[in-house]
$ cat target.txt   # compact mmCIF, C-alpha atoms
# COMPACT_ATOMS: atom_id res chain seq x y z
CA MET A 1 0.00 0.00 0.00
CA SER A 2 1.26 3.40 -0.81
CA ASP A 3 2.12 5.71 1.97
CA LYS A 4 0.69 8.74 0.20
CA PHE A 5 -2.48 10.74 0.55
CA THR A 6 -4.05 13.71 -1.22
CA VAL A 7 -3.80 17.22 0.10
CA GLU A 8 -6.03 20.04 -1.14
CA ILE A 9 -5.75 23.68 -0.22
CA ILE A 10 -8.80 25.65 -1.26
CA SER A 11 -9.36 29.37 -0.88
CA PRO A 12 -12.66 31.11 -1.67
CA ASP A 13 -11.47 32.17 -5.10
CA GLN A 14 -9.48 29.17 -6.27
CA THR A 15 -8.01 25.78 -5.61
CA VAL A 16 -4.49 26.64 -4.55
CA LEU A 17 -3.04 23.18 -4.50
CA LYS A 18 -4.04 19.58 -5.04
CA GLN A 19 -1.41 16.90 -4.94
CA GLU A 20 -0.15 13.64 -3.49
CA THR A 21 2.03 13.88 -0.46
CA LYS A 22 3.61 11.82 2.27
CA GLU A 23 3.40 14.17 5.17
CA VAL A 24 1.82 17.50 6.01
CA ILE A 25 2.48 19.63 9.04
CA ILE A 26 -0.25 22.09 9.96
CA PRO A 27 -0.36 24.78 12.63
CA SER A 28 -3.47 23.51 14.39
CA PHE A 29 -5.09 25.81 16.91
CA GLU A 30 -3.65 23.94 19.85
CA GLY A 31 -0.23 23.25 18.41
CA GLN A 32 1.65 21.87 15.44
CA MET A 33 0.19 18.71 14.03
CA GLY A 34 1.81 16.26 11.66
CA ILE A 35 -0.44 14.23 9.42
CA LEU A 36 0.53 10.99 7.69
CA ASN A 37 -1.66 8.74 5.64
CA ASN A 38 -4.39 6.68 7.32
CA HIS A 39 -4.77 9.27 10.01
CA ILE A 40 -8.13 8.93 11.72
CA PRO A 41 -10.88 11.30 10.52
CA LEU A 42 -10.20 14.70 11.97
CA ILE A 43 -11.67 18.18 12.00
CA THR A 44 -9.74 21.08 13.40
CA PHE A 45 -8.96 24.71 12.69
CA LEU A 46 -5.78 26.68 12.32
CA ARG A 47 -3.94 29.50 13.99
CA PRO A 48 -1.46 31.68 12.08
CA GLY A 49 1.50 29.59 11.05
CA ILE A 50 3.11 27.66 8.26
CA ILE A 51 1.76 24.62 6.46
CA THR A 52 4.55 22.34 5.30
CA ILE A 53 3.86 19.77 2.63
CA LYS A 54 6.48 17.09 2.18
CA ALA A 55 6.40 15.31 -1.15
CA GLU A 56 9.36 15.23 -3.55
CA GLY A 57 10.39 18.65 -2.38
CA GLU A 58 9.00 20.71 0.42
CA LYS A 59 6.29 23.28 -0.06
CA LYS A 60 5.48 25.89 2.52
CA TYR A 61 2.43 28.10 2.85
CA TYR A 62 1.67 30.88 5.27
CA VAL A 63 -1.88 30.91 6.67
CA GLU A 64 -3.69 33.06 9.19
CA GLU A 65 -6.73 30.92 9.77
CA GLY A 66 -8.49 27.99 8.22
CA THR A 67 -10.44 24.81 8.67
CA VAL A 68 -9.01 21.36 8.20
CA GLU A 69 -10.76 18.11 7.53
CA PHE A 70 -9.13 14.74 7.09
CA SER A 71 -11.15 11.77 5.89
CA ASN A 72 -10.60 8.86 3.50
CA ASN A 73 -6.95 9.78 3.05
CA ASN A 74 -7.91 13.18 1.80
CA LEU A 75 -6.69 16.25 3.63
CA LEU A 76 -8.75 19.31 2.99
CA ILE A 77 -7.58 22.75 4.07
CA LEU A 78 -10.05 25.60 3.65
CA THR A 79 -8.55 29.02 4.19
CA SER A 80 -9.08 32.51 2.91
CA THR A 81 -5.60 33.75 3.79
CA VAL A 82 -3.05 31.51 2.13
CA ARG A 83 0.27 32.74 0.75
CA ASP A 84 2.89 30.63 -0.97
CA LEU A 85 6.16 31.27 0.86
CA ALA A 86 8.08 30.89 -2.40
CA ASN A 87 6.65 34.15 -3.69
CA PHE A 88 5.82 36.04 -0.55
CA ASP A 89 7.88 39.19 -0.81
CA LYS A 90 9.63 40.94 2.03
CA SER A 91 7.73 44.20 1.88
CA SER A 92 4.30 42.61 2.24
CA ILE A 93 5.57 40.48 5.11
CA ASN A 94 6.79 43.59 6.88
CA GLU A 95 3.55 45.37 6.21
CA LEU A 96 1.55 42.53 7.75
CA LEU A 97 3.95 42.37 10.63
CA GLN A 98 3.60 46.05 11.41
CA LYS A 99 -0.16 45.84 11.28
CA ALA A 100 -0.17 42.81 13.56
CA GLU A 101 2.13 44.49 16.07
CA ALA A 102 -0.04 47.57 16.13
CA ASN A 103 -3.11 45.45 16.73
CA LEU A 104 -1.65 43.29 19.46
CA ASN A 105 -2.38 45.72 22.26
CA THR A 106 -5.92 46.43 21.16
CA GLU A 107 -7.04 42.79 21.15
CA SER A 108 -9.53 42.35 23.92
CA THR A 109 -9.86 38.62 24.53
CA ASP A 110 -7.22 36.08 25.43
CA LYS A 111 -8.03 34.12 22.34
CA ASP A 112 -7.46 37.10 20.06
CA ARG A 113 -4.17 37.87 21.78
CA TYR A 114 -3.11 34.26 21.42
CA VAL A 115 -3.82 34.35 17.69
CA ALA A 116 -2.12 37.72 17.26
CA SER A 117 1.03 36.63 19.06
CA TYR A 118 1.38 33.59 16.81
CA LYS A 119 0.85 35.75 13.80
CA ILE A 120 3.71 38.03 14.82
CA GLU A 121 5.95 35.14 15.68
CA THR A 122 5.39 33.41 12.36
CA LEU A 123 5.86 36.58 10.38
CA ARG A 124 9.09 37.38 12.20
CA GLU A 125 10.32 33.89 11.55
CA ILE A 126 9.77 34.04 7.82
CA SER A 127 11.04 37.58 7.42
CA GLU A 128 14.46 36.47 8.61
CA MET B 1 -45.71 60.32 -43.10
CA PRO B 2 -42.39 61.50 -41.67
CA SER B 3 -40.25 63.58 -43.93
CA LEU B 4 -37.10 62.27 -45.57
CA ASP B 5 -34.92 64.26 -43.25
CA ASP B 6 -36.63 62.84 -40.17
CA LEU B 7 -36.19 59.30 -41.42
CA LYS B 8 -32.55 59.92 -42.11
CA LYS B 9 -32.05 61.18 -38.58
CA ARG B 10 -33.87 58.19 -37.11
CA ILE B 11 -31.73 55.76 -39.06
CA LYS B 12 -28.60 57.50 -37.89
CA SER B 13 -29.65 57.44 -34.26
CA VAL B 14 -30.69 53.79 -34.35
CA LYS B 15 -27.37 52.93 -35.92
CA SER B 16 -25.43 54.66 -33.19
CA THR B 17 -27.52 52.90 -30.54
CA GLN B 18 -26.67 49.65 -32.23
CA LYS B 19 -23.01 50.51 -32.00
CA ILE B 20 -23.33 51.07 -28.26
CA THR B 21 -25.23 47.86 -27.59
CA LYS B 22 -22.76 45.95 -29.68
CA ALA B 23 -19.85 47.35 -27.72
CA MET B 24 -21.59 46.54 -24.44
CA LYS B 25 -22.16 43.01 -25.61
CA MET B 26 -18.47 42.61 -26.39
CA VAL B 27 -17.46 43.99 -23.01
CA ALA B 28 -19.95 41.76 -21.22
CA ALA B 29 -18.68 38.73 -23.12
CA ALA B 30 -15.12 39.47 -22.07
CA LYS B 31 -16.10 40.06 -18.46
CA LEU B 32 -18.33 37.02 -18.45
CA ARG B 33 -15.45 34.67 -19.04
CA LYS B 34 -13.60 36.00 -16.04
CA ALA B 35 -16.66 36.07 -13.80
CA GLN B 36 -17.69 32.59 -14.82
CA GLU B 37 -14.24 31.28 -14.10
CA SER B 38 -14.17 32.73 -10.63
CA ALA B 39 -17.69 31.50 -9.90
CA GLU B 40 -16.65 28.00 -10.87
CA LYS B 41 -13.43 28.20 -8.93
CA GLY B 42 -15.28 29.41 -5.89
CA ARG B 43 -17.73 26.56 -5.83
CA PRO B 44 -15.51 23.87 -4.24
CA TYR B 45 -14.79 26.06 -1.22
CA SER B 46 -18.41 26.65 -0.31
CA GLN B 47 -19.38 23.07 -1.05
CA LYS B 48 -16.65 21.57 1.06
CA MET B 49 -17.44 24.00 3.83
CA GLN B 50 -21.06 22.87 3.77
CA ASN B 51 -19.88 19.27 3.87
CA ILE B 52 -17.77 19.80 6.96
CA ILE B 53 -20.64 21.54 8.68
CA LEU B 54 -22.93 18.70 7.78
CA ASN B 55 -20.50 16.18 9.20
CA LEU B 56 -20.21 18.24 12.35
CA THR B 57 -23.97 18.53 12.65
CA LYS B 58 -24.34 14.78 12.48
CA SER B 59 -22.07 14.30 15.42
CA ILE B 60 -23.92 16.71 17.67
CA ASN B 61 -25.75 14.71 20.25
CA ASP B 62 -27.33 17.51 22.17
CA PRO B 63 -29.23 19.84 19.82
CA GLN B 64 -30.44 21.94 22.74
CA ASN B 65 -27.00 23.30 23.41
CA ALA B 66 -25.84 23.51 19.84
CA PRO B 67 -24.84 26.96 18.59
CA LYS B 68 -27.83 29.05 17.64
CA LEU B 69 -26.36 29.93 14.27
CA LEU B 70 -26.66 26.30 13.30
CA VAL B 71 -30.02 25.27 14.68
CA GLY B 72 -31.73 28.64 14.79
CA THR B 73 -33.37 30.37 17.72
CA GLY B 74 -36.19 27.89 17.70
CA GLU B 75 -38.61 30.64 16.78
CA ASP B 76 -40.06 31.70 13.48
CA LYS B 77 -41.15 35.29 13.95
CA LYS B 78 -38.56 37.61 12.54
CA TYR B 79 -37.06 37.36 9.10
CA LEU B 80 -34.00 38.95 7.58
CA CYS B 81 -33.90 38.98 3.81
CA VAL B 82 -30.68 39.80 2.01
CA VAL B 83 -31.27 40.76 -1.60
CA LEU B 84 -28.19 40.62 -3.80
CA THR B 85 -28.39 42.48 -7.09
CA ALA B 86 -26.12 44.29 -9.51
CA ASP B 87 -25.01 47.90 -9.40
CA ARG B 88 -25.62 48.50 -13.07
CA GLY B 89 -28.63 48.21 -15.28
CA LEU B 90 -29.03 47.24 -18.92
CA CYS B 91 -28.81 43.57 -18.19
CA GLY B 92 -32.22 42.29 -19.18
CA GLY B 93 -34.37 40.79 -16.49
CA PHE B 94 -31.48 40.14 -14.16
CA ASN B 95 -32.29 42.61 -11.39
CA SER B 96 -36.06 42.44 -11.80
CA ASN B 97 -36.09 38.66 -11.55
CA ILE B 98 -34.36 38.71 -8.19
CA CYS B 99 -36.58 41.51 -6.94
CA LYS B 100 -39.69 39.74 -8.13
CA LEU B 101 -38.76 36.59 -6.26
CA ALA B 102 -37.84 38.62 -3.20
CA LYS B 103 -41.08 40.57 -3.27
CA THR B 104 -43.21 37.42 -3.46
CA ASN B 105 -41.40 36.20 -0.39
CA PHE B 106 -41.83 39.53 1.40
CA LYS B 107 -45.53 39.42 0.75
CA LYS B 108 -45.75 35.93 2.14
CA ILE B 109 -43.76 36.81 5.24
CA LEU B 110 -45.80 39.94 5.93
CA GLY B 111 -49.02 38.09 5.11
CA GLU B 112 -48.25 35.63 7.87
CA GLY B 113 -47.89 38.53 10.26
CA LYS B 114 -44.17 38.12 10.73
CA GLU B 115 -41.55 40.77 11.15
CA LEU B 116 -39.47 41.65 8.13
CA ASN B 117 -36.08 43.28 7.78
CA ILE B 118 -34.26 43.77 4.51
CA ILE B 119 -30.64 44.28 3.60
CA THR B 120 -29.90 45.13 0.01
CA VAL B 121 -26.59 44.60 -1.72
CA GLY B 122 -26.22 46.45 -5.00
CA SER B 123 -27.92 49.73 -5.83
CA LYS B 124 -30.32 48.47 -8.50
CA GLY B 125 -32.07 46.16 -6.10
CA HIS B 126 -32.29 48.91 -3.53
CA ASP B 127 -33.97 51.22 -6.03
CA GLN B 128 -36.59 48.65 -6.92
CA ILE B 129 -37.32 47.53 -3.41
CA LYS B 130 -37.43 50.84 -1.59
CA ARG B 131 -40.50 51.92 -3.53
CA GLU B 132 -42.73 49.35 -1.87
CA TYR B 133 -40.73 48.07 1.04
CA GLY B 134 -38.58 51.08 1.85
CA LYS B 135 -39.47 51.16 5.51
CA TYR B 136 -38.21 47.62 6.05
CA VAL B 137 -34.77 48.23 4.57
CA ILE B 138 -32.35 48.49 7.46
CA LYS B 139 -29.09 48.61 5.59
CA LYS B 140 -27.80 48.84 2.07
CA PHE B 141 -24.47 47.82 0.66
CA SER B 142 -23.04 48.87 -2.65
CA PHE B 143 -19.76 47.75 -4.10
CA LYS B 144 -19.97 49.97 -7.13
CA ASP B 145 -16.41 51.22 -6.95
CA LYS B 146 -14.94 47.75 -6.52
CA LYS B 147 -13.73 46.27 -9.75
CA ASP B 148 -13.59 42.69 -8.62
CA ILE B 149 -15.54 41.05 -5.88
CA SER B 150 -13.26 39.67 -3.22
CA PHE B 151 -13.91 37.76 -0.07
CA ASN B 152 -13.56 40.96 1.98
CA GLU B 153 -16.79 42.39 0.62
CA ALA B 154 -18.66 39.19 1.38
CA ASP B 155 -17.13 39.18 4.84
CA GLU B 156 -18.43 42.70 5.44
CA VAL B 157 -21.98 41.59 4.66
CA GLY B 158 -21.51 38.36 6.61
CA LYS B 159 -20.33 40.19 9.72
CA GLU B 160 -23.29 42.52 9.55
CA ILE B 161 -25.65 39.55 9.38
CA ILE B 162 -23.99 37.89 12.34
CA SER B 163 -23.98 41.02 14.46
CA LEU B 164 -27.69 41.47 13.79
CA PHE B 165 -28.25 37.86 14.72
CA ASN B 166 -26.40 38.30 17.98
CA GLN B 167 -28.58 41.31 18.75
CA ASN B 168 -31.56 39.02 18.32
CA LYS B 169 -32.92 41.00 15.40
CA PHE B 170 -34.09 37.97 13.44
CA ASP B 171 -34.74 34.23 13.62
CA LYS B 172 -34.28 33.29 10.01
CA CYS B 173 -32.12 34.68 7.28
CA ILE B 174 -32.74 34.20 3.58
CA ILE B 175 -30.53 35.40 0.76
CA PHE B 176 -31.74 36.08 -2.77
CA TYR B 177 -29.46 35.86 -5.75
CA ASN B 178 -29.23 34.54 -9.29
CA ASN B 179 -27.65 31.16 -9.76
CA PHE B 180 -25.50 31.00 -12.86
CA LYS B 181 -26.46 27.95 -14.84
CA ASN B 182 -25.19 28.95 -18.25
CA VAL B 183 -24.95 32.06 -20.38
CA ILE B 184 -28.64 32.19 -21.24
CA THR B 185 -30.13 30.70 -18.09
CA GLN B 186 -29.85 32.26 -14.69
CA ILE B 187 -32.12 31.05 -11.99
CA PRO B 188 -33.18 33.40 -9.20
CA GLN B 189 -32.81 31.63 -5.91
CA ALA B 190 -33.81 31.99 -2.31
CA GLN B 191 -31.45 30.26 0.07
CA GLN B 192 -31.88 30.08 3.78
CA ILE B 193 -28.56 30.51 5.54
CA ILE B 194 -29.63 30.83 9.16
CA PRO B 195 -30.42 28.27 10.45
CA ALA B 196 -28.24 26.33 8.05
CA GLU B 197 -30.28 24.31 5.63
CA THR B 198 -28.98 20.79 5.63
CA LYS B 199 -31.80 18.85 4.13
CA ASN B 200 -30.69 18.94 0.49
CA LEU B 201 -27.18 17.91 1.43
CA LYS B 202 -28.15 14.77 3.26
CA GLU B 203 -28.74 12.68 0.19
CA GLY B 204 -25.86 10.59 -1.02
CA ASN B 205 -23.71 11.43 1.94
CA ASP B 206 -24.24 8.55 4.24
CA GLN B 207 -20.69 7.86 5.21
CA ASN B 208 -20.48 8.25 8.87
CA PHE B 209 -17.09 9.02 10.26
CA SER B 210 -16.45 9.35 13.88
CA TYR B 211 -14.30 12.43 13.71
CA GLU B 212 -11.63 13.42 16.09
CA PHE B 213 -12.11 17.03 17.08
CA GLU B 214 -9.35 19.28 18.08
CA PRO B 215 -10.23 21.39 20.09
CA GLU B 216 -13.82 20.59 21.08
CA GLU B 217 -16.56 20.49 18.46
CA ASP B 218 -18.48 23.47 19.77
CA GLU B 219 -15.34 25.57 19.56
CA ILE B 220 -14.85 24.49 15.97
CA LEU B 221 -18.46 25.27 15.18
CA GLU B 222 -18.12 28.67 16.79
CA ASP B 223 -15.22 29.42 14.49
CA LEU B 224 -16.69 27.81 11.42
CA LEU B 225 -20.29 28.99 11.38
CA PRO B 226 -19.64 32.72 10.99
CA LYS B 227 -17.13 31.86 8.29
CA ASN B 228 -19.75 29.79 6.56
CA ILE B 229 -22.17 32.71 6.47
CA SER B 230 -19.58 34.87 4.72
CA THR B 231 -18.74 31.99 2.41
CA GLN B 232 -22.35 31.57 1.37
CA VAL B 233 -22.66 35.30 0.75
CA PHE B 234 -19.45 35.20 -1.25
CA LYS B 235 -20.70 32.32 -3.33
CA ALA B 236 -23.91 34.21 -4.01
CA LEU B 237 -21.95 37.31 -5.02
CA LEU B 238 -19.81 35.33 -7.43
CA GLU B 239 -22.78 33.56 -8.96
CA ASN B 240 -24.47 36.92 -9.26
CA ALA B 241 -21.49 38.53 -10.97
CA ALA B 242 -21.38 35.78 -13.57
CA SER B 243 -25.14 35.88 -14.04
CA GLU B 244 -25.12 39.65 -14.46
CA GLN B 245 -22.61 39.50 -17.30
CA GLY B 246 -24.36 36.57 -18.93
CA SER B 247 -27.68 38.28 -18.71
CA ARG B 248 -26.26 41.53 -20.04
CA MET B 249 -24.63 39.76 -22.93
CA THR B 250 -27.89 38.12 -24.00
CA ALA B 251 -29.85 41.32 -23.54
CA MET B 252 -27.38 43.36 -25.55
CA ASP B 253 -27.23 40.72 -28.25
CA ASN B 254 -31.00 40.95 -28.60
CA ALA B 255 -30.86 44.73 -28.59
CA THR B 256 -28.23 44.73 -31.34
CA ARG B 257 -30.33 42.41 -33.44
CA ASN B 258 -33.48 44.47 -32.91
CA ALA B 259 -31.63 47.63 -33.84
CA GLY B 260 -30.49 45.92 -37.04
CA ASP B 261 -34.09 44.96 -37.90
CA LEU B 262 -35.23 48.48 -37.19
CA VAL B 263 -32.56 49.97 -39.43
CA ASP B 264 -33.64 47.65 -42.25
CA LYS B 265 -37.26 48.64 -41.85
CA LEU B 266 -36.48 52.34 -41.67
CA THR B 267 -34.25 52.12 -44.73
CA ILE B 268 -37.10 50.59 -46.73
CA ASP B 269 -39.43 53.36 -45.52
CA TYR B 270 -36.83 55.93 -46.44
CA ASN B 271 -36.27 54.55 -49.93
CA ARG B 272 -39.98 54.23 -50.49
CA SER B 273 -40.75 57.81 -49.57
CA ARG B 274 -37.80 59.04 -51.57
CA GLN B 275 -39.14 57.19 -54.60
CA ALA B 276 -42.62 58.54 -53.90
CA SER B 277 -41.38 62.10 -53.90
CA ILE B 278 -39.45 61.59 -57.13
CA THR B 279 -42.52 60.11 -58.79
CA LYS B 280 -44.61 62.96 -57.49
CA GLU B 281 -42.25 65.53 -58.94
CA LEU B 282 -42.21 63.73 -62.30
CA ILE B 283 -46.00 63.64 -62.43
CA GLU B 284 -46.08 67.33 -61.65
CA ILE B 285 -43.64 68.11 -64.48
CA ILE B 286 -45.45 65.90 -66.96
CA SER B 287 -48.90 67.20 -66.14
CA GLY B 288 -47.49 70.77 -66.26
CA ALA B 289 -46.07 70.11 -69.71
CA GLU B 290 -49.34 68.57 -70.95
CA SER B 291 -51.41 71.53 -69.91
CA LEU B 292 -49.38 73.92 -72.02

$ encode --input "target.txt" --output "structure tokens"
Amino acid sequence: MSDKFTVEIISPDQTVLKQETKEVIIPSFEGQMGILNNHIPLITFLRPGIITIKAEGEKKYYVEEGTVEFSNNNLLILTSTVRDLANFDKSSINELLQKAEANLNTESTDKDRYVASYKIETLREISE
Amino acid sequence: MPSLDDLKKRIKSVKSTQKITKAMKMVAAAKLRKAQESAEKGRPYSQKMQNIILNLTKSINDPQNAPKLLVGTGEDKKYLCVVLTADRGLCGGFNSNICKLAKTNFKKILGEGKELNIITVGSKGHDQIKREYGKYVIKKFSFKDKKDISFNEADEVGKEIISLFNQNKFDKCIIFYNNFKNVITQIPQAQQIIPAETKNLKEGNDQNFSYEFEPEEDEILEDLLPKNISTQVFKALLENAASEQGSRMTAMDNATRNAGDLVDKLTIDYNRSRQASITKELIEIISGAESL
């Protein structure tokens, strides 16, 4: 049996990616989560972070939020804020970063602050 | 009988109208391709989202405590109708069809003695609806200056709907839009988005997975349901954009053809009356000569 499964990333305006892969790492809301094939059916949502898809090469995507469903060896990622790291230019990263830093102090709930802090952390990481 | 000069002017004006309608048809055809593409690309997202929600709904054991956005308030008194139309006219029956469907529903809702609130998206719909139902319109959106519809606009409408729901302003929410079937057929539709309609999704989806939820399922639902509202609005906006261009293309095609027919008819009239005046002059000359 093959050790591969299908991963699909879909945003409201297009299908960003659909391919076979061996392993995907997603920034699930409660922590990083690695998914291999034959994972049990799963529904979760994302916090800001990086999706890593390991097939022949590695592909990385930046996301801010999203919903993930895994069933029948099919991983479905629905997100409206997906950016391919390969063509994510420095200036837009910095712009997002500045906005996020400015917003951090105005977030009212713990949950919002939690999300915002991850956003900043991820953005800092990729801007280096 | 109009004079020759008048006919000439008419022909000229009809011809220039024809030029305009022809140009509009071309523009609509070009825009249609883009709009249709994005409508088709947007479909998987909203479908899959519905699927996940359906799967989540199945696993809820305690409907009493389920989020209100999913199961509704349990009452049936106040309605919110969101009417999505275009910002521009000259697209055949596109706007009127949506408004007609919406108005029939309004009548029914009011006839049953229920409370009605209306949100309009797009200025054409607002113009048509405010005449009769102006006092029910609580908010209007217009994305006239936006060239392309993006998720942000849909999110704006979605957030407004949710904030109204949280203020307990309505029990049920229905959106009206045109579903893009193909270039010549667009079907006006009424879709209930709150509480989420799951009955037409249940067929053919009998696989029952016991999902692992991370974090808890109500937290996921809390995150997902508002997103789904925006997604449904977005889908409707995309379908609408494609329908608008399709409808405009057909309407302008018809207009161009009609203008062509009219020019033909007017040209015959023109030639005929020109000939008549020539004949008349000849008769006058001949009879003048005879009388000498």

$ atom_distance --input "target.txt" --atom1 "atom CA of A:Thr106" --atom2 "atom CA of B:Ile229"
25.8 Å

$ interface_residues --input "target.txt" --of "chain A" --to "chain B" --cutoff "12 Å" --atoms "all atoms listed in the file" --output "VMD selection string"
chain A and resid 8 to 16 27 to 33 39 to 47 65 to 72 75 to 81 111

$ atom_distance --input "target.txt" --atom1 "atom CA of B:Asn254" --atom2 "atom CA of B:Ser16"
15.5 Å

$ atom_distance --input "target.txt" --atom1 "atom CA of B:Cys91" --atom2 "atom CA of B:Ser247"
5.4 Å

$ residues_around --input "target.txt" --residues "stretch 270-287 of chain B" --least-positions-apart "5" --cutoff "8 Å" --atoms "only C-alpha atoms" --output "ChimeraX atom specification"
/B:4,7-8

$ closest_residue --input "target.txt" --among "A:Gln19, A:Asn87, A:Asn74, A:Asn37" --to "A:Lys4" --atoms "all atoms listed in the file"
A:Asn37

$ residues_near_point --input "target.txt" --point "(-31.0, 48.5, -31.1)" --cutoff "12 Å" --atoms "all atoms listed in the file" --output "PyMOL selection string"
chain B and resi 10-25+251-264

$ write_last_selection --input "target.txt" --atoms "C-alpha atoms" --output "PDB file, keeping the file's coordinate frame"
ATOM      1  CA  ARG B  10     -33.870  58.190 -37.110  1.00  0.00           C
ATOM      2  CA  ILE B  11     -31.730  55.760 -39.060  1.00  0.00           C
ATOM      3  CA  LYS B  12     -28.600  57.500 -37.890  1.00  0.00           C
ATOM      4  CA  SER B  13     -29.650  57.440 -34.260  1.00  0.00           C
ATOM      5  CA  VAL B  14     -30.690  53.790 -34.350  1.00  0.00           C
ATOM      6  CA  LYS B  15     -27.370  52.930 -35.920  1.00  0.00           C
ATOM      7  CA  SER B  16     -25.430  54.660 -33.190  1.00  0.00           C
ATOM      8  CA  THR B  17     -27.520  52.900 -30.540  1.00  0.00           C
ATOM      9  CA  GLN B  18     -26.670  49.650 -32.230  1.00  0.00           C
ATOM     10  CA  LYS B  19     -23.010  50.510 -32.000  1.00  0.00           C
ATOM     11  CA  ILE B  20     -23.330  51.070 -28.260  1.00  0.00           C
ATOM     12  CA  THR B  21     -25.230  47.860 -27.590  1.00  0.00           C
ATOM     13  CA  LYS B  22     -22.760  45.950 -29.680  1.00  0.00           C
ATOM     14  CA  ALA B  23     -19.850  47.350 -27.720  1.00  0.00           C
ATOM     15  CA  MET B  24     -21.590  46.540 -24.440  1.00  0.00           C
ATOM     16  CA  LYS B  25     -22.160  43.010 -25.610  1.00  0.00           C
ATOM     17  CA  ALA B 251     -29.850  41.320 -23.540  1.00  0.00           C
ATOM     18  CA  MET B 252     -27.380  43.360 -25.550  1.00  0.00           C
ATOM     19  CA  ASP B 253     -27.230  40.720 -28.250  1.00  0.00           C
ATOM     20  CA  ASN B 254     -31.000  40.950 -28.600  1.00  0.00           C
ATOM     21  CA  ALA B 255     -30.860  44.730 -28.590  1.00  0.00           C
ATOM     22  CA  THR B 256     -28.230  44.730 -31.340  1.00  0.00           C
ATOM     23  CA  ARG B 257     -30.330  42.410 -33.440  1.00  0.00           C
ATOM     24  CA  ASN B 258     -33.480  44.470 -32.910  1.00  0.00           C
ATOM     25  CA  ALA B 259     -31.630  47.630 -33.840  1.00  0.00           C
ATOM     26  CA  GLY B 260     -30.490  45.920 -37.040  1.00  0.00           C
ATOM     27  CA  ASP B 261     -34.090  44.960 -37.900  1.00  0.00           C
ATOM     28  CA  LEU B 262     -35.230  48.480 -37.190  1.00  0.00           C
ATOM     29  CA  VAL B 263     -32.560  49.970 -39.430  1.00  0.00           C
ATOM     30  CA  ASP B 264     -33.640  47.650 -42.250  1.00  0.00           C
TER      31      ASP B 264
END

$ closest_residue --input "target.txt" --among "B:Leu80, B:Ile184, B:Leu69, B:Ala28" --to "B:Lys139" --atoms "only C-alpha atoms"
B:Leu80

$ closest_residue --input "target.txt" --among "A:Ile25, A:Leu17, A:Ala100, A:Ile51" --to "A:Ile120" --atoms "only C-alpha atoms"
A:Ala100

$ decode --input "target.txt" --residues "stretch 225-237 of chain B" --atoms "N, CA and C atoms" --output "PDB file, in the first residue's frame"
ATOM      1  N   LEU B 225     -18.972  28.541  11.826  1.00  0.00           N
ATOM      2  CA  LEU B 225     -20.290  28.993  11.378  1.00  0.00           C
ATOM      3  C   LEU B 225     -20.296  30.426  10.845  1.00  0.00           C
ATOM      4  N   PRO B 226     -19.673  31.371  11.563  1.00  0.00           N
ATOM      5  CA  PRO B 226     -19.639  32.719  10.993  1.00  0.00           C
ATOM      6  C   PRO B 226     -18.921  32.739   9.651  1.00  0.00           C
ATOM      7  N   LYS B 227     -17.879  31.921   9.543  1.00  0.00           N
ATOM      8  CA  LYS B 227     -17.134  31.861   8.291  1.00  0.00           C
ATOM      9  C   LYS B 227     -18.034  31.337   7.178  1.00  0.00           C
ATOM     10  N   ASN B 228     -18.870  30.371   7.560  1.00  0.00           N
ATOM     11  CA  ASN B 228     -19.748  29.790   6.556  1.00  0.00           C
ATOM     12  C   ASN B 228     -20.748  30.813   6.027  1.00  0.00           C
ATOM     13  N   ILE B 229     -21.220  31.684   6.906  1.00  0.00           N
ATOM     14  CA  ILE B 229     -22.167  32.714   6.466  1.00  0.00           C
ATOM     15  C   ILE B 229     -21.505  33.574   5.385  1.00  0.00           C
ATOM     16  N   SER B 230     -20.294  34.040   5.696  1.00  0.00           N
ATOM     17  CA  SER B 230     -19.582  34.866   4.718  1.00  0.00           C
ATOM     18  C   SER B 230     -19.334  34.092   3.431  1.00  0.00           C
ATOM     19  N   THR B 231     -19.004  32.805   3.586  1.00  0.00           N
ATOM     20  CA  THR B 231     -18.740  31.992   2.406  1.00  0.00           C
ATOM     21  C   THR B 231     -19.973  31.884   1.528  1.00  0.00           C
ATOM     22  N   GLN B 232     -21.118  31.688   2.159  1.00  0.00           N
ATOM     23  CA  GLN B 232     -22.351  31.567   1.372  1.00  0.00           C
ATOM     24  C   GLN B 232     -22.658  32.882   0.664  1.00  0.00           C
ATOM     25  N   VAL B 233     -22.434  33.994   1.374  1.00  0.00           N
ATOM     26  CA  VAL B 233     -22.661  35.301   0.747  1.00  0.00           C
ATOM     27  C   VAL B 233     -21.696  35.485  -0.426  1.00  0.00           C
ATOM     28  N   PHE B 234     -20.457  35.076  -0.198  1.00  0.00           N
ATOM     29  CA  PHE B 234     -19.449  35.204  -1.250  1.00  0.00           C
ATOM     30  C   PHE B 234     -19.840  34.393  -2.477  1.00  0.00           C
ATOM     31  N   LYS B 235     -20.284  33.173  -2.220  1.00  0.00           N
ATOM     32  CA  LYS B 235     -20.696  32.316  -3.326  1.00  0.00           C
ATOM     33  C   LYS B 235     -21.820  32.994  -4.105  1.00  0.00           C
ATOM     34  N   ALA B 236     -22.787  33.545  -3.358  1.00  0.00           N
ATOM     35  CA  ALA B 236     -23.909  34.214  -4.007  1.00  0.00           C
ATOM     36  C   ALA B 236     -23.424  35.402  -4.829  1.00  0.00           C
ATOM     37  N   LEU B 237     -22.472  36.148  -4.290  1.00  0.00           N
ATOM     38  CA  LEU B 237     -21.951  37.314  -5.020  1.00  0.00           C
ATOM     39  C   LEU B 237     -21.265  36.892  -6.317  1.00  0.00           C
TER      40      LEU B 237
END
